file start.txt (compact mmCIF, N, CA and C atoms)
# COMPACT_ATOMS: atom_id res chain seq x y z
N MET C 30 22.52 -43.41 -20.35
CA MET C 30 22.40 -41.99 -20.56
C MET C 30 23.58 -41.26 -19.94
N ALA C 31 24.02 -41.71 -18.78
CA ALA C 31 25.15 -41.07 -18.13
C ALA C 31 26.42 -41.26 -18.95
N LEU C 32 26.56 -42.45 -19.56
CA LEU C 32 27.74 -42.68 -20.40
C LEU C 32 27.72 -41.79 -21.64
N ARG C 33 26.53 -41.60 -22.20
CA ARG C 33 26.41 -40.73 -23.37
C ARG C 33 26.81 -39.30 -23.02
N LEU C 34 26.31 -38.80 -21.87
CA LEU C 34 26.66 -37.44 -21.46
C LEU C 34 28.14 -37.32 -21.13
N ALA C 35 28.72 -38.37 -20.54
CA ALA C 35 30.15 -38.35 -20.23
C ALA C 35 30.97 -38.33 -21.52
N ALA C 36 30.53 -39.11 -22.52
CA ALA C 36 31.24 -39.12 -23.80
C ALA C 36 31.13 -37.76 -24.49
N LEU C 37 29.95 -37.16 -24.44
CA LEU C 37 29.80 -35.83 -25.02
C LEU C 37 30.71 -34.82 -24.35
N ARG C 38 30.78 -34.88 -23.04
CA ARG C 38 31.63 -33.96 -22.31
C ARG C 38 33.11 -34.22 -22.61
N ARG C 39 33.46 -35.50 -22.75
CA ARG C 39 34.87 -35.86 -22.98
C ARG C 39 35.34 -35.42 -24.35
N PHE C 40 34.50 -35.62 -25.36
CA PHE C 40 34.93 -35.33 -26.73
C PHE C 40 34.44 -33.99 -27.25
N ALA C 41 33.82 -33.20 -26.40
CA ALA C 41 33.36 -31.88 -26.82
C ALA C 41 34.55 -30.94 -26.98
N LYS C 42 34.36 -29.99 -27.87
CA LYS C 42 35.42 -29.01 -28.09
C LYS C 42 35.46 -28.08 -26.88
N SER C 43 36.60 -27.99 -26.26
CA SER C 43 36.70 -27.20 -25.04
C SER C 43 36.80 -25.72 -25.38
N VAL C 44 36.22 -24.90 -24.52
CA VAL C 44 36.25 -23.45 -24.66
C VAL C 44 36.94 -22.90 -23.42
N PRO C 45 37.95 -22.04 -23.61
CA PRO C 45 38.64 -21.48 -22.44
C PRO C 45 37.68 -20.69 -21.56
N LEU C 46 38.01 -20.64 -20.27
CA LEU C 46 37.17 -19.90 -19.34
C LEU C 46 37.11 -18.44 -19.75
N GLY C 47 35.94 -17.86 -19.64
CA GLY C 47 35.76 -16.45 -19.98
C GLY C 47 35.26 -16.25 -21.38
N LEU C 48 35.42 -17.22 -22.28
CA LEU C 48 34.92 -17.09 -23.65
C LEU C 48 33.60 -17.85 -23.76
N PRO C 49 32.59 -17.23 -24.34
CA PRO C 49 31.30 -17.93 -24.47
C PRO C 49 31.37 -18.98 -25.58
N SER C 50 30.68 -20.09 -25.35
CA SER C 50 30.63 -21.15 -26.36
C SER C 50 29.62 -20.76 -27.43
N PRO C 51 29.71 -21.35 -28.62
CA PRO C 51 28.77 -21.00 -29.70
C PRO C 51 27.31 -21.32 -29.34
N GLN C 52 27.09 -22.39 -28.57
CA GLN C 52 25.72 -22.73 -28.19
C GLN C 52 25.12 -21.66 -27.28
N VAL C 53 25.94 -21.14 -26.36
CA VAL C 53 25.46 -20.12 -25.44
C VAL C 53 25.15 -18.84 -26.21
N VAL C 54 26.00 -18.49 -27.16
CA VAL C 54 25.78 -17.28 -27.95
C VAL C 54 24.50 -17.39 -28.76
N SER C 55 24.27 -18.54 -29.42
CA SER C 55 23.06 -18.71 -30.22
C SER C 55 21.81 -18.74 -29.34
N LEU C 56 21.92 -19.34 -28.15
CA LEU C 56 20.78 -19.38 -27.24
C LEU C 56 20.42 -17.98 -26.77
N LYS C 57 21.42 -17.19 -26.42
CA LYS C 57 21.18 -15.82 -25.98
C LYS C 57 20.54 -14.99 -27.10
N ALA C 58 21.00 -15.19 -28.33
CA ALA C 58 20.45 -14.45 -29.46
C ALA C 58 18.99 -14.84 -29.70
N SER C 59 18.67 -16.14 -29.62
CA SER C 59 17.30 -16.57 -29.85
C SER C 59 16.36 -16.07 -28.75
N VAL C 60 16.84 -16.05 -27.50
CA VAL C 60 16.03 -15.53 -26.40
C VAL C 60 15.80 -14.03 -26.58
N LYS C 61 16.82 -13.31 -27.03
CA LYS C 61 16.68 -11.87 -27.27
C LYS C 61 15.69 -11.62 -28.40
N ASN C 62 15.76 -12.41 -29.48
CA ASN C 62 14.81 -12.26 -30.58
C ASN C 62 13.38 -12.57 -30.12
N LEU C 63 13.22 -13.59 -29.28
CA LEU C 63 11.91 -13.92 -28.75
C LEU C 63 11.37 -12.76 -27.92
N GLY C 64 12.22 -12.20 -27.07
CA GLY C 64 11.81 -11.06 -26.25
C GLY C 64 11.41 -9.87 -27.10
N ASP C 65 12.17 -9.59 -28.17
CA ASP C 65 11.84 -8.47 -29.05
C ASP C 65 10.52 -8.71 -29.76
N SER C 66 10.28 -9.96 -30.19
CA SER C 66 9.02 -10.24 -30.89
C SER C 66 7.83 -10.14 -29.93
N VAL C 67 8.00 -10.52 -28.68
CA VAL C 67 6.92 -10.40 -27.70
C VAL C 67 6.67 -8.93 -27.39
N LYS C 68 7.73 -8.15 -27.25
CA LYS C 68 7.57 -6.71 -26.98
C LYS C 68 6.91 -6.01 -28.15
N GLY C 69 7.19 -6.45 -29.39
CA GLY C 69 6.64 -5.82 -30.56
C GLY C 69 5.22 -6.26 -30.89
N PHE C 70 4.66 -7.19 -30.14
CA PHE C 70 3.30 -7.69 -30.41
C PHE C 70 2.27 -6.68 -29.95
N LYS C 71 1.35 -6.33 -30.84
CA LYS C 71 0.26 -5.44 -30.50
C LYS C 71 -1.05 -6.12 -30.89
N VAL C 72 -1.95 -6.20 -29.94
CA VAL C 72 -3.22 -6.87 -30.18
C VAL C 72 -4.01 -6.15 -31.25
N SER C 73 -3.99 -4.82 -31.21
CA SER C 73 -4.77 -4.05 -32.20
C SER C 73 -4.27 -4.31 -33.62
N LYS C 74 -2.96 -4.42 -33.78
CA LYS C 74 -2.42 -4.69 -35.11
C LYS C 74 -2.71 -6.13 -35.53
N TYR C 75 -2.62 -7.07 -34.59
CA TYR C 75 -2.83 -8.49 -34.90
C TYR C 75 -4.26 -8.74 -35.37
N PHE C 76 -5.23 -8.11 -34.72
CA PHE C 76 -6.63 -8.35 -35.07
C PHE C 76 -7.16 -7.38 -36.13
N GLU C 77 -6.33 -6.53 -36.67
CA GLU C 77 -6.74 -5.71 -37.81
C GLU C 77 -7.02 -6.66 -38.97
N GLU C 78 -8.12 -6.43 -39.69
CA GLU C 78 -8.62 -7.43 -40.63
C GLU C 78 -7.60 -7.83 -41.69
N LYS C 79 -6.98 -6.86 -42.34
CA LYS C 79 -6.05 -7.18 -43.43
C LYS C 79 -4.83 -7.95 -42.90
N TYR C 80 -4.27 -7.50 -41.80
CA TYR C 80 -3.10 -8.17 -41.22
C TYR C 80 -3.47 -9.58 -40.73
N PHE C 81 -4.65 -9.68 -40.10
CA PHE C 81 -5.08 -10.96 -39.52
C PHE C 81 -5.22 -12.03 -40.59
N TRP C 82 -5.81 -11.71 -41.73
CA TRP C 82 -6.07 -12.72 -42.74
C TRP C 82 -4.91 -12.93 -43.70
N GLU C 83 -4.01 -11.95 -43.84
CA GLU C 83 -2.94 -12.09 -44.83
C GLU C 83 -1.57 -12.40 -44.23
N LYS C 84 -1.23 -11.79 -43.11
CA LYS C 84 0.14 -11.93 -42.61
C LYS C 84 0.24 -12.64 -41.27
N ALA C 85 -0.78 -12.54 -40.44
CA ALA C 85 -0.68 -13.05 -39.06
C ALA C 85 -0.69 -14.58 -39.06
N ASN C 86 -0.02 -15.13 -38.05
CA ASN C 86 -0.05 -16.57 -37.83
C ASN C 86 -1.30 -16.85 -36.99
N VAL C 87 -2.39 -17.23 -37.64
CA VAL C 87 -3.67 -17.38 -36.95
C VAL C 87 -3.89 -18.78 -36.40
N GLY C 88 -2.98 -19.68 -36.66
CA GLY C 88 -3.14 -21.04 -36.17
C GLY C 88 -3.31 -21.13 -34.67
N PRO C 89 -2.40 -20.53 -33.87
CA PRO C 89 -2.56 -20.62 -32.42
C PRO C 89 -3.86 -19.99 -31.92
N PHE C 90 -4.30 -18.90 -32.57
CA PHE C 90 -5.54 -18.26 -32.15
C PHE C 90 -6.73 -19.18 -32.34
N PHE C 91 -6.83 -19.80 -33.53
CA PHE C 91 -7.96 -20.69 -33.78
C PHE C 91 -7.86 -21.98 -32.98
N LEU C 92 -6.65 -22.44 -32.74
CA LEU C 92 -6.50 -23.62 -31.87
C LEU C 92 -6.98 -23.31 -30.46
N LEU C 93 -6.66 -22.11 -29.98
CA LEU C 93 -7.14 -21.70 -28.65
C LEU C 93 -8.66 -21.65 -28.64
N LEU C 94 -9.26 -21.06 -29.68
CA LEU C 94 -10.73 -21.02 -29.75
C LEU C 94 -11.32 -22.43 -29.79
N LEU C 95 -10.68 -23.30 -30.54
CA LEU C 95 -11.19 -24.66 -30.69
C LEU C 95 -11.09 -25.45 -29.38
N PHE C 96 -9.97 -25.30 -28.68
CA PHE C 96 -9.73 -26.12 -27.49
C PHE C 96 -10.10 -25.46 -26.17
N THR C 97 -10.64 -24.24 -26.21
CA THR C 97 -11.02 -23.58 -24.95
C THR C 97 -12.03 -24.40 -24.15
N PRO C 98 -13.09 -24.96 -24.73
CA PRO C 98 -14.01 -25.78 -23.91
C PRO C 98 -13.32 -26.99 -23.28
N THR C 99 -12.45 -27.64 -24.03
CA THR C 99 -11.74 -28.80 -23.49
C THR C 99 -10.80 -28.40 -22.36
N ILE C 100 -10.07 -27.30 -22.57
CA ILE C 100 -9.15 -26.82 -21.53
C ILE C 100 -9.92 -26.44 -20.28
N TYR C 101 -11.03 -25.73 -20.47
CA TYR C 101 -11.85 -25.31 -19.32
C TYR C 101 -12.37 -26.52 -18.56
N ARG C 102 -12.90 -27.49 -19.30
CA ARG C 102 -13.45 -28.69 -18.67
C ARG C 102 -12.37 -29.47 -17.92
N SER C 103 -11.19 -29.56 -18.52
CA SER C 103 -10.09 -30.28 -17.87
C SER C 103 -9.66 -29.60 -16.58
N LEU C 104 -9.55 -28.27 -16.63
CA LEU C 104 -9.16 -27.54 -15.42
C LEU C 104 -10.23 -27.66 -14.34
N LYS C 105 -11.49 -27.59 -14.76
CA LYS C 105 -12.58 -27.73 -13.80
C LYS C 105 -12.58 -29.12 -13.17
N ASP C 106 -12.40 -30.16 -13.98
CA ASP C 106 -12.35 -31.52 -13.45
C ASP C 106 -11.18 -31.71 -12.50
N ALA C 107 -10.03 -31.15 -12.85
CA ALA C 107 -8.86 -31.26 -11.98
C ALA C 107 -9.12 -30.57 -10.65
N TYR C 108 -9.75 -29.39 -10.70
CA TYR C 108 -10.06 -28.65 -9.46
C TYR C 108 -11.00 -29.47 -8.57
N TRP C 109 -12.10 -29.97 -9.16
CA TRP C 109 -13.07 -30.68 -8.35
C TRP C 109 -12.55 -32.02 -7.86
N THR C 110 -11.70 -32.67 -8.64
CA THR C 110 -11.08 -33.91 -8.18
C THR C 110 -10.23 -33.65 -6.95
N ARG C 111 -9.47 -32.58 -7.00
CA ARG C 111 -8.61 -32.24 -5.84
C ARG C 111 -9.46 -31.91 -4.62
N GLN C 112 -10.54 -31.12 -4.83
CA GLN C 112 -11.39 -30.74 -3.70
C GLN C 112 -12.08 -31.97 -3.11
N LEU C 113 -12.57 -32.88 -3.95
CA LEU C 113 -13.26 -34.07 -3.43
C LEU C 113 -12.29 -35.02 -2.73
N ARG C 114 -11.05 -35.10 -3.23
CA ARG C 114 -10.06 -35.92 -2.53
C ARG C 114 -9.80 -35.36 -1.13
N LYS C 115 -9.71 -34.03 -1.06
CA LYS C 115 -9.48 -33.38 0.23
C LYS C 115 -10.65 -33.64 1.16
N MET C 116 -11.89 -33.51 0.64
CA MET C 116 -13.07 -33.75 1.45
C MET C 116 -13.14 -35.22 1.85
N ASN C 117 -12.79 -36.13 0.95
CA ASN C 117 -12.81 -37.55 1.25
C ASN C 117 -11.83 -37.87 2.37
N THR C 118 -10.65 -37.26 2.32
CA THR C 118 -9.67 -37.46 3.39
C THR C 118 -10.21 -36.97 4.72
N GLU C 119 -10.86 -35.79 4.70
CA GLU C 119 -11.44 -35.26 5.94
C GLU C 119 -12.54 -36.17 6.47
N GLU C 120 -13.37 -36.74 5.57
CA GLU C 120 -14.42 -37.65 6.01
C GLU C 120 -13.83 -38.93 6.60
N ILE C 121 -12.77 -39.44 6.01
CA ILE C 121 -12.13 -40.64 6.53
C ILE C 121 -11.60 -40.39 7.94
N ILE C 122 -10.94 -39.25 8.11
CA ILE C 122 -10.42 -38.91 9.44
C ILE C 122 -11.55 -38.75 10.44
N SER C 123 -12.64 -38.09 10.02
CA SER C 123 -13.79 -37.91 10.90
C SER C 123 -14.40 -39.27 11.27
N ASP C 124 -14.53 -40.16 10.29
CA ASP C 124 -15.07 -41.50 10.56
C ASP C 124 -14.18 -42.27 11.53
N ARG C 125 -12.88 -42.11 11.41
CA ARG C 125 -11.97 -42.80 12.34
C ARG C 125 -12.14 -42.28 13.76
N TYR C 126 -12.32 -40.95 13.90
CA TYR C 126 -12.55 -40.41 15.23
C TYR C 126 -13.87 -40.91 15.81
N ASP C 127 -14.90 -40.99 14.97
CA ASP C 127 -16.19 -41.52 15.44
C ASP C 127 -16.04 -42.98 15.87
N TRP C 128 -15.33 -43.79 15.07
CA TRP C 128 -15.11 -45.19 15.42
C TRP C 128 -14.34 -45.30 16.74
N LEU C 129 -13.33 -44.44 16.91
CA LEU C 129 -12.56 -44.46 18.15
C LEU C 129 -13.43 -44.11 19.34
N LYS C 130 -14.30 -43.12 19.18
CA LYS C 130 -15.20 -42.72 20.28
C LYS C 130 -16.14 -43.86 20.64
N VAL C 131 -16.75 -44.50 19.63
CA VAL C 131 -17.67 -45.62 19.89
C VAL C 131 -16.91 -46.78 20.54
N SER C 132 -15.71 -47.07 20.08
CA SER C 132 -14.92 -48.17 20.67
C SER C 132 -14.57 -47.87 22.11
N MET C 133 -14.24 -46.63 22.41
CA MET C 133 -13.91 -46.27 23.80
C MET C 133 -15.13 -46.44 24.69
N ILE C 134 -16.31 -46.04 24.20
CA ILE C 134 -17.54 -46.20 24.99
C ILE C 134 -17.83 -47.68 25.19
N GLN C 135 -17.67 -48.50 24.15
CA GLN C 135 -17.88 -49.96 24.30
C GLN C 135 -16.93 -50.54 25.32
N ASP C 136 -15.66 -50.13 25.29
CA ASP C 136 -14.69 -50.64 26.26
C ASP C 136 -15.08 -50.26 27.69
N GLU C 137 -15.56 -49.03 27.88
CA GLU C 137 -15.97 -48.59 29.22
C GLU C 137 -17.18 -49.39 29.70
N VAL C 138 -18.15 -49.62 28.79
CA VAL C 138 -19.34 -50.40 29.17
C VAL C 138 -18.94 -51.83 29.51
N GLU C 139 -18.07 -52.45 28.70
CA GLU C 139 -17.63 -53.82 28.99
C GLU C 139 -16.87 -53.90 30.31
N ALA C 140 -16.06 -52.89 30.60
CA ALA C 140 -15.32 -52.88 31.87
C ALA C 140 -16.28 -52.80 33.05
N GLU C 141 -17.31 -51.97 32.96
CA GLU C 141 -18.29 -51.85 34.04
C GLU C 141 -19.10 -53.14 34.20
N LEU C 142 -19.45 -53.77 33.07
CA LEU C 142 -20.20 -55.03 33.15
C LEU C 142 -19.35 -56.13 33.76
N LEU C 143 -18.05 -56.16 33.46
CA LEU C 143 -17.18 -57.18 34.03
C LEU C 143 -17.02 -56.99 35.54
N LYS C 144 -17.14 -55.77 36.03
CA LYS C 144 -17.07 -55.54 37.48
C LYS C 144 -18.30 -56.11 38.19
N GLN C 145 -19.43 -56.18 37.48
CA GLN C 145 -20.68 -56.65 38.09
C GLN C 145 -20.86 -58.16 38.02
N VAL C 146 -19.95 -58.88 37.38
CA VAL C 146 -20.07 -60.33 37.25
C VAL C 146 -19.77 -60.98 38.61
N PRO C 147 -20.60 -61.96 39.05
CA PRO C 147 -20.30 -62.65 40.31
C PRO C 147 -18.98 -63.42 40.24
N SER C 148 -18.43 -63.76 41.39
CA SER C 148 -17.11 -64.40 41.44
C SER C 148 -17.10 -65.76 40.74
N GLY C 149 -18.14 -66.52 40.77
CA GLY C 149 -18.20 -67.83 40.14
C GLY C 149 -18.55 -67.76 38.66
N GLY C 150 -18.82 -66.61 38.19
CA GLY C 150 -19.22 -66.46 36.80
C GLY C 150 -20.73 -66.57 36.66
N ILE C 151 -21.22 -66.36 35.54
CA ILE C 151 -22.65 -66.43 35.30
C ILE C 151 -23.01 -67.89 35.01
N GLN C 152 -24.00 -68.40 35.77
CA GLN C 152 -24.43 -69.78 35.61
C GLN C 152 -25.33 -69.87 34.36
N PRO C 153 -25.16 -70.94 33.60
CA PRO C 153 -26.01 -71.08 32.40
C PRO C 153 -27.47 -71.33 32.82
N LEU C 154 -28.35 -70.85 32.04
CA LEU C 154 -29.78 -71.00 32.28
C LEU C 154 -30.24 -72.34 31.68
N GLN C 155 -30.87 -73.16 32.53
CA GLN C 155 -31.36 -74.47 32.03
C GLN C 155 -32.87 -74.44 32.03
N LEU C 156 -33.43 -74.83 30.94
CA LEU C 156 -34.87 -74.95 30.86
C LEU C 156 -35.21 -76.45 30.96
N GLY C 157 -36.08 -76.79 31.84
CA GLY C 157 -36.50 -78.19 32.00
C GLY C 157 -35.60 -78.92 33.00
N ALA C 158 -35.70 -80.27 32.98
CA ALA C 158 -34.99 -81.09 33.95
C ALA C 158 -33.51 -81.12 33.63
N ALA C 159 -32.68 -81.33 34.69
CA ALA C 159 -31.25 -81.36 34.53
C ALA C 159 -30.78 -82.63 33.84
N SER C 160 -31.52 -83.71 34.02
CA SER C 160 -31.13 -84.98 33.36
C SER C 160 -32.35 -85.53 32.59
N PRO C 161 -32.09 -86.31 31.58
CA PRO C 161 -33.23 -86.84 30.83
C PRO C 161 -34.02 -87.86 31.66
N PRO C 162 -35.33 -88.03 31.38
CA PRO C 162 -36.12 -88.97 32.17
C PRO C 162 -35.83 -90.42 31.94

call {"tool": "encode", "arguments": {"input": "start.txt", "output": "structure tokens"}}
result
Amino acid sequence: MALRLAALRRFAKSVPLGLPSPQVVSLKASVKNLGDSVKGFKVSKYFEEKYFWEKANVGPFFLLLLFTPTIYRSLKDAYWTRQLRKMNTEEIISDRYDWLKVSMIQDEVEAELLKQVPSGGIQPLQLGAASPP
């Protein structure tokens, strides 16, 4: 892609500085026409019955009506997915803090129990005779 753009730049017709290129002029004209058409749009004229059925481009309007439930559902799903991910992250962090708290308490209990162990260690408990009969 970079080679293609370099070739286009290399073999493009050069325009002296200060003079607009034909592409820039046509782009500016199309943007100006778009702006004029948007400024000239009137909802009351568009939805007037005769204009609406004979001259207006009604395709986008009916497509919007057709796809409004789908668009709404998609936006709602995206919103709730984001909220639940955020809540899930908060729950994970909360669970980690709870685990850390429980682990710290276990470590403190184990440390206290190790202080109470006799010097020789805990002797195993034997039930019955020490040697077989």

call {"tool": "atom_distance", "arguments": {"input": "start.txt", "atom1": "atom CA of C:Glu139", "atom2": "atom CA of C:Ile121"}}
result
26.6 Å

call {"tool": "atom_distance", "arguments": {"input": "start.txt", "atom1": "atom C of C:Pro89", "atom2": "atom C of C:Gly69"}}
result
16.5 Å

call {"tool": "atom_distance", "arguments": {"input": "start.txt", "atom1": "atom CA of C:Leu113", "atom2": "atom CA of C:Val131"}}
result
26.4 Å

call {"tool": "select_by_dssp", "arguments": {"input": "start.txt", "residues": "stretch 51-153 of chain C", "states": "helix (DSSP H, G or I)", "output": "PyMOL selection string"}}
result
chain C and resi 51-68+72-75+78-83+88-144

call {"tool": "residues_around", "arguments": {"input": "start.txt", "residues": "C:Val72", "least_positions_apart": "5", "cutoff": "12 Å", "atoms": "only C-alpha atoms", "output": "PyMOL selection string"}}
result
chain C and resi 67+77-78+80-81+85+90

call {"tool": "axis_aligned_box", "arguments": {"input": "start.txt", "around": "stretch 121-127 of chain C", "padding_each_side": "3 Å", "output": "JSON"}}
result
{"center_x": -13.3, "center_y": -40.4, "center_z": 10.9, "size_x": 11.8, "size_y": 11.1, "size_z": 15.9}

call {"tool": "decode", "arguments": {"input": "start.txt", "residues": "stretch 122-147 of chain C", "atoms": "N, CA, C and O atoms", "output": "PDB file, in the first residue's frame"}}
result
ATOM      1  N   ILE C 122     -12.458  -7.146  41.649  1.00  0.00           N
ATOM      2  CA  ILE C 122     -11.568  -6.409  42.557  1.00  0.00           C
ATOM      3  C   ILE C 122     -12.008  -6.593  43.998  1.00  0.00           C
ATOM      4  O   ILE C 122     -11.188  -6.821  44.899  1.00  0.00           O
ATOM      5  N   SER C 123     -13.323  -6.528  44.244  1.00  0.00           N
ATOM      6  CA  SER C 123     -13.847  -6.721  45.598  1.00  0.00           C
ATOM      7  C   SER C 123     -13.529  -8.126  46.106  1.00  0.00           C
ATOM      8  O   SER C 123     -13.123  -8.297  47.264  1.00  0.00           O
ATOM      9  N   ASP C 124     -13.707  -9.138  45.244  1.00  0.00           N
ATOM     10  CA  ASP C 124     -13.389 -10.514  45.638  1.00  0.00           C
ATOM     11  C   ASP C 124     -11.906 -10.672  45.959  1.00  0.00           C
ATOM     12  O   ASP C 124     -11.540 -11.397  46.887  1.00  0.00           O
ATOM     13  N   ARG C 125     -11.057 -10.001  45.214  1.00  0.00           N
ATOM     14  CA  ARG C 125      -9.615 -10.092  45.494  1.00  0.00           C
ATOM     15  C   ARG C 125      -9.280  -9.470  46.845  1.00  0.00           C
ATOM     16  O   ARG C 125      -8.449  -9.989  47.591  1.00  0.00           O
ATOM     17  N   TYR C 126      -9.938  -8.341  47.172  1.00  0.00           N
ATOM     18  CA  TYR C 126      -9.701  -7.740  48.483  1.00  0.00           C
ATOM     19  C   TYR C 126     -10.195  -8.656  49.598  1.00  0.00           C
ATOM     20  O   TYR C 126      -9.539  -8.787  50.638  1.00  0.00           O
ATOM     21  N   ASP C 127     -11.351  -9.297  49.386  1.00  0.00           N
ATOM     22  CA  ASP C 127     -11.853 -10.241  50.394  1.00  0.00           C
ATOM     23  C   ASP C 127     -10.890 -11.410  50.557  1.00  0.00           C
ATOM     24  O   ASP C 127     -10.606 -11.835  51.687  1.00  0.00           O
ATOM     25  N   TRP C 128     -10.385 -11.958  49.443  1.00  0.00           N
ATOM     26  CA  TRP C 128      -9.432 -13.062  49.511  1.00  0.00           C
ATOM     27  C   TRP C 128      -8.164 -12.631  50.254  1.00  0.00           C
ATOM     28  O   TRP C 128      -7.633 -13.384  51.077  1.00  0.00           O
ATOM     29  N   LEU C 129      -7.696 -11.408  49.971  1.00  0.00           N
ATOM     30  CA  LEU C 129      -6.503 -10.905  50.645  1.00  0.00           C
ATOM     31  C   LEU C 129      -6.743 -10.774  52.143  1.00  0.00           C
ATOM     32  O   LEU C 129      -5.877 -11.152  52.953  1.00  0.00           O
ATOM     33  N   LYS C 130      -7.915 -10.282  52.528  1.00  0.00           N
ATOM     34  CA  LYS C 130      -8.234 -10.135  53.951  1.00  0.00           C
ATOM     35  C   LYS C 130      -8.265 -11.493  54.640  1.00  0.00           C
ATOM     36  O   LYS C 130      -7.675 -11.675  55.716  1.00  0.00           O
ATOM     37  N   VAL C 131      -8.927 -12.480  54.018  1.00  0.00           N
ATOM     38  CA  VAL C 131      -8.999 -13.828  54.609  1.00  0.00           C
ATOM     39  C   VAL C 131      -7.605 -14.443  54.689  1.00  0.00           C
ATOM     40  O   VAL C 131      -7.243 -15.076  55.699  1.00  0.00           O
ATOM     41  N   SER C 132      -6.793 -14.267  53.666  1.00  0.00           N
ATOM     42  CA  SER C 132      -5.428 -14.818  53.676  1.00  0.00           C
ATOM     43  C   SER C 132      -4.587 -14.179  54.769  1.00  0.00           C
ATOM     44  O   SER C 132      -3.797 -14.873  55.432  1.00  0.00           O
ATOM     45  N   MET C 133      -4.749 -12.882  54.966  1.00  0.00           N
ATOM     46  CA  MET C 133      -3.984 -12.207  56.028  1.00  0.00           C
ATOM     47  C   MET C 133      -4.398 -12.736  57.398  1.00  0.00           C
ATOM     48  O   MET C 133      -3.539 -12.969  58.268  1.00  0.00           O
ATOM     49  N   ILE C 134      -5.701 -12.952  57.598  1.00  0.00           N
ATOM     50  CA  ILE C 134      -6.172 -13.496  58.879  1.00  0.00           C
ATOM     51  C   ILE C 134      -5.642 -14.908  59.074  1.00  0.00           C
ATOM     52  O   ILE C 134      -5.187 -15.272  60.175  1.00  0.00           O
ATOM     53  N   GLN C 135      -5.661 -15.735  58.026  1.00  0.00           N
ATOM     54  CA  GLN C 135      -5.109 -17.098  58.130  1.00  0.00           C
ATOM     55  C   GLN C 135      -3.634 -17.059  58.485  1.00  0.00           C
ATOM     56  O   GLN C 135      -3.155 -17.841  59.318  1.00  0.00           O
ATOM     57  N   ASP C 136      -2.872 -16.161  57.858  1.00  0.00           N
ATOM     58  CA  ASP C 136      -1.442 -16.056  58.161  1.00  0.00           C
ATOM     59  C   ASP C 136      -1.218 -15.654  59.614  1.00  0.00           C
ATOM     60  O   ASP C 136      -0.310 -16.187  60.282  1.00  0.00           O
ATOM     61  N   GLU C 137      -2.030 -14.725  60.129  1.00  0.00           N
ATOM     62  CA  GLU C 137      -1.880 -14.301  61.526  1.00  0.00           C
ATOM     63  C   GLU C 137      -2.205 -15.447  62.476  1.00  0.00           C
ATOM     64  O   GLU C 137      -1.495 -15.663  63.469  1.00  0.00           O
ATOM     65  N   VAL C 138      -3.275 -16.210  62.163  1.00  0.00           N
ATOM     66  CA  VAL C 138      -3.651 -17.346  63.014  1.00  0.00           C
ATOM     67  C   VAL C 138      -2.547 -18.402  62.984  1.00  0.00           C
ATOM     68  O   VAL C 138      -2.160 -18.940  64.033  1.00  0.00           O
ATOM     69  N   GLU C 139      -2.014 -18.711  61.804  1.00  0.00           N
ATOM     70  CA  GLU C 139      -0.932 -19.705  61.705  1.00  0.00           C
ATOM     71  C   GLU C 139       0.310 -19.248  62.455  1.00  0.00           C
ATOM     72  O   GLU C 139       0.979 -20.055  63.122  1.00  0.00           O
ATOM     73  N   ALA C 140       0.619 -17.960  62.390  1.00  0.00           N
ATOM     74  CA  ALA C 140       1.791 -17.443  63.109  1.00  0.00           C
ATOM     75  C   ALA C 140       1.601 -17.593  64.613  1.00  0.00           C
ATOM     76  O   ALA C 140       2.537 -17.985  65.334  1.00  0.00           O
ATOM     77  N   GLU C 141       0.409 -17.296  65.122  1.00  0.00           N
ATOM     78  CA  GLU C 141       0.143 -17.437  66.556  1.00  0.00           C
ATOM     79  C   GLU C 141       0.187 -18.905  66.984  1.00  0.00           C
ATOM     80  O   GLU C 141       0.702 -19.234  68.047  1.00  0.00           O
ATOM     81  N   LEU C 142      -0.354 -19.789  66.135  1.00  0.00           N
ATOM     82  CA  LEU C 142      -0.317 -21.215  66.476  1.00  0.00           C
ATOM     83  C   LEU C 142       1.108 -21.750  66.474  1.00  0.00           C
ATOM     84  O   LEU C 142       1.464 -22.594  67.293  1.00  0.00           O
ATOM     85  N   LEU C 143       1.948 -21.272  65.563  1.00  0.00           N
ATOM     86  CA  LEU C 143       3.339 -21.722  65.528  1.00  0.00           C
ATOM     87  C   LEU C 143       4.104 -21.258  66.763  1.00  0.00           C
ATOM     88  O   LEU C 143       5.043 -21.921  67.214  1.00  0.00           O
ATOM     89  N   LYS C 144       3.714 -20.140  67.351  1.00  0.00           N
ATOM     90  CA  LYS C 144       4.368 -19.672  68.580  1.00  0.00           C
ATOM     91  C   LYS C 144       4.036 -20.586  69.756  1.00  0.00           C
ATOM     92  O   LYS C 144       4.810 -20.702  70.701  1.00  0.00           O
ATOM     93  N   GLN C 145       2.870 -21.248  69.714  1.00  0.00           N
ATOM     94  CA  GLN C 145       2.427 -22.096  70.822  1.00  0.00           C
ATOM     95  C   GLN C 145       2.929 -23.533  70.723  1.00  0.00           C
ATOM     96  O   GLN C 145       2.702 -24.334  71.613  1.00  0.00           O
ATOM     97  N   VAL C 146       3.618 -23.888  69.650  1.00  0.00           N
ATOM     98  CA  VAL C 146       4.115 -25.257  69.475  1.00  0.00           C
ATOM     99  C   VAL C 146       5.284 -25.490  70.437  1.00  0.00           C
ATOM    100  O   VAL C 146       6.176 -24.636  70.552  1.00  0.00           O
ATOM    101  N   PRO C 147       5.305 -26.651  71.143  1.00  0.00           N
ATOM    102  CA  PRO C 147       6.447 -26.942  72.024  1.00  0.00           C
ATOM    103  C   PRO C 147       7.751 -27.078  71.229  1.00  0.00           C
ATOM    104  O   PRO C 147       7.727 -27.294  70.016  1.00  0.00           O
TER     105      PRO C 147
END
